[in-house]
Amino acid sequence: MIVAVVLRRTAEEVRAALAALAAEPGVRAGDVCAEIRFDAMTAPDPRVCAHAPVPVMATCRRPRDGGRWRGDEAERLRLLRAAAEASASSGTATTTSVPHPRASAGGRDGTSPSSARAAPTDAGDPPTSA
């Protein structure tokens with residue numbers, strides 16, 4: 001599977017990028033998914049995950065994770081949970097990066113691709129060890 005990172009500023013641009021990805025010649029269902037980077041959006045809208053034409057991963061990376069998110073952690077988590085709910089209500093497959101409640105401090109919260117040792121397999125599963 002190929003993961004295409006979608007860095008767009010508006011919800012309309014994200015939807016257009018997802019549609020273009022789905023219409024790419026030779027792309028079959030299950031070949032590709034999109035990582036929607038909410039930290040790149042000027043006004044993050046979790047509804048972009050609803051009815052997406054390809055499976056999506058909703059992420060909102062903090063600066064320490066190589067992202068642009070400047071809001072507080074509670075707001076970031078609300079956004080990611082809202083993205084998962086929007087996706088679930090429309091029947092679209094979405095994965096979010098939400099830290100597990102038992103995750104330890106020091107960056108091992110399962111939210112960064114660079115912390116693979118602590119990445120949860122599902123938003124509700126505990127982090128795994130390498």
# chains A, B, ... in the order shown; residues from 1 in each chain; ligands from 1
$ closest_atom_pairs --of "range 52-96 of chain A" --to "range 14-34 of chain A" --cutoff "6 Å" --atoms "only C-alpha atoms" --output "CSV"
residue,atom,partner,partner_atom,distance
A:Val54,CA,A:Cys33,CA,5.7
A:Pro55,CA,A:Cys33,CA,4.8
A:Val56,CA,A:Ala34,CA,4.6
$ atom_distance --atom1 "CA of Ala86 in chain A" --atom2 "CA of Glu12 in chain A"
16.1 Å
$ closest_residue --among "A:Asp39, A:Ile2, A:Ala84, A:Glu13" --to "Gly66 in chain A" --atoms "only C-alpha atoms"
A:Asp39
$ closest_residue --among "A:Ala43, A:Leu79, A:Ala74, A:Ile36" --to "Met57 in chain A" --atoms "only C-alpha atoms"
A:Ile36
$ closest_residue --among "A:Arg37, A:Arg76, A:Arg64, A:Arg70" --to "Arg9 in chain A" --atoms "only C-alpha atoms"
A:Arg37
$ atom_distance --atom1 "CA of Ser89 in chain A" --atom2 "CA of Arg62 in chain A"
26.8 Å
$ atom_distance --atom1 "CA of Arg68 in chain A" --atom2 "CA of Ala50 in chain A"
23.1 Å
$ residues_around --residues "Glu75 in chain A" --least-positions-apart "3" --cutoff "12 Å" --atoms "only C-alpha atoms" --output "CSV table (one decimal) with N, CA and C atoms, in the first residue's frame"
chain,number,residue,atom,x,y,z
A,38,PHE,N,-3.8,17.6,9.2
A,38,PHE,CA,-4.6,18.7,9.7
A,38,PHE,C,-3.7,19.8,10.2
A,39,ASP,N,-2.5,19.6,10.6
A,39,ASP,CA,-1.6,20.7,11.1
A,39,ASP,C,-1.2,21.6,9.9
A,44,PRO,N,-8.6,23.6,10.3
A,44,PRO,CA,-8.8,22.1,10.2
A,44,PRO,C,-10.2,21.8,10.3
A,60,CYS,N,-2.2,15.1,13.0
A,60,CYS,CA,-2.0,16.5,13.4
A,60,CYS,C,-0.7,16.6,14.1
A,62,ARG,N,2.7,17.7,15.8
A,62,ARG,CA,3.2,18.8,16.6
A,62,ARG,C,4.6,19.2,16.0
A,69,TRP,N,1.5,22.0,14.1
A,69,TRP,CA,0.4,22.3,15.0
A,69,TRP,C,0.8,23.2,16.1
A,70,ARG,N,0.1,24.3,16.3
A,70,ARG,CA,0.4,25.3,17.3
A,70,ARG,C,-0.7,25.4,18.4
A,71,GLY,N,-1.8,24.6,18.3
A,71,GLY,CA,-2.8,24.6,19.3
A,71,GLY,C,-2.4,23.7,20.5
A,72,ASP,N,-3.3,23.7,21.5
A,72,ASP,CA,-2.9,22.9,22.6
A,72,ASP,C,-3.3,21.4,22.4
A,78,ARG,N,-9.1,16.5,20.3
A,78,ARG,CA,-10.5,16.6,19.9
A,78,ARG,C,-10.6,16.6,18.4
A,79,LEU,N,-9.7,17.2,17.7
A,79,LEU,CA,-9.7,17.3,16.2
A,79,LEU,C,-9.6,15.9,15.7
A,80,LEU,N,-8.6,15.1,16.2
A,80,LEU,CA,-8.4,13.8,15.7
A,80,LEU,C,-9.6,12.8,16.0
A,81,ARG,N,-10.1,13.0,17.1
A,81,ARG,CA,-11.3,12.1,17.5
A,81,ARG,C,-12.5,12.5,16.6
A,82,ALA,N,-12.7,13.8,16.3
A,82,ALA,CA,-13.8,14.2,15.5
A,82,ALA,C,-13.6,13.7,14.0
A,98,VAL,N,-3.7,9.0,17.9
A,98,VAL,CA,-4.1,9.5,19.2
A,98,VAL,C,-3.3,8.8,20.3
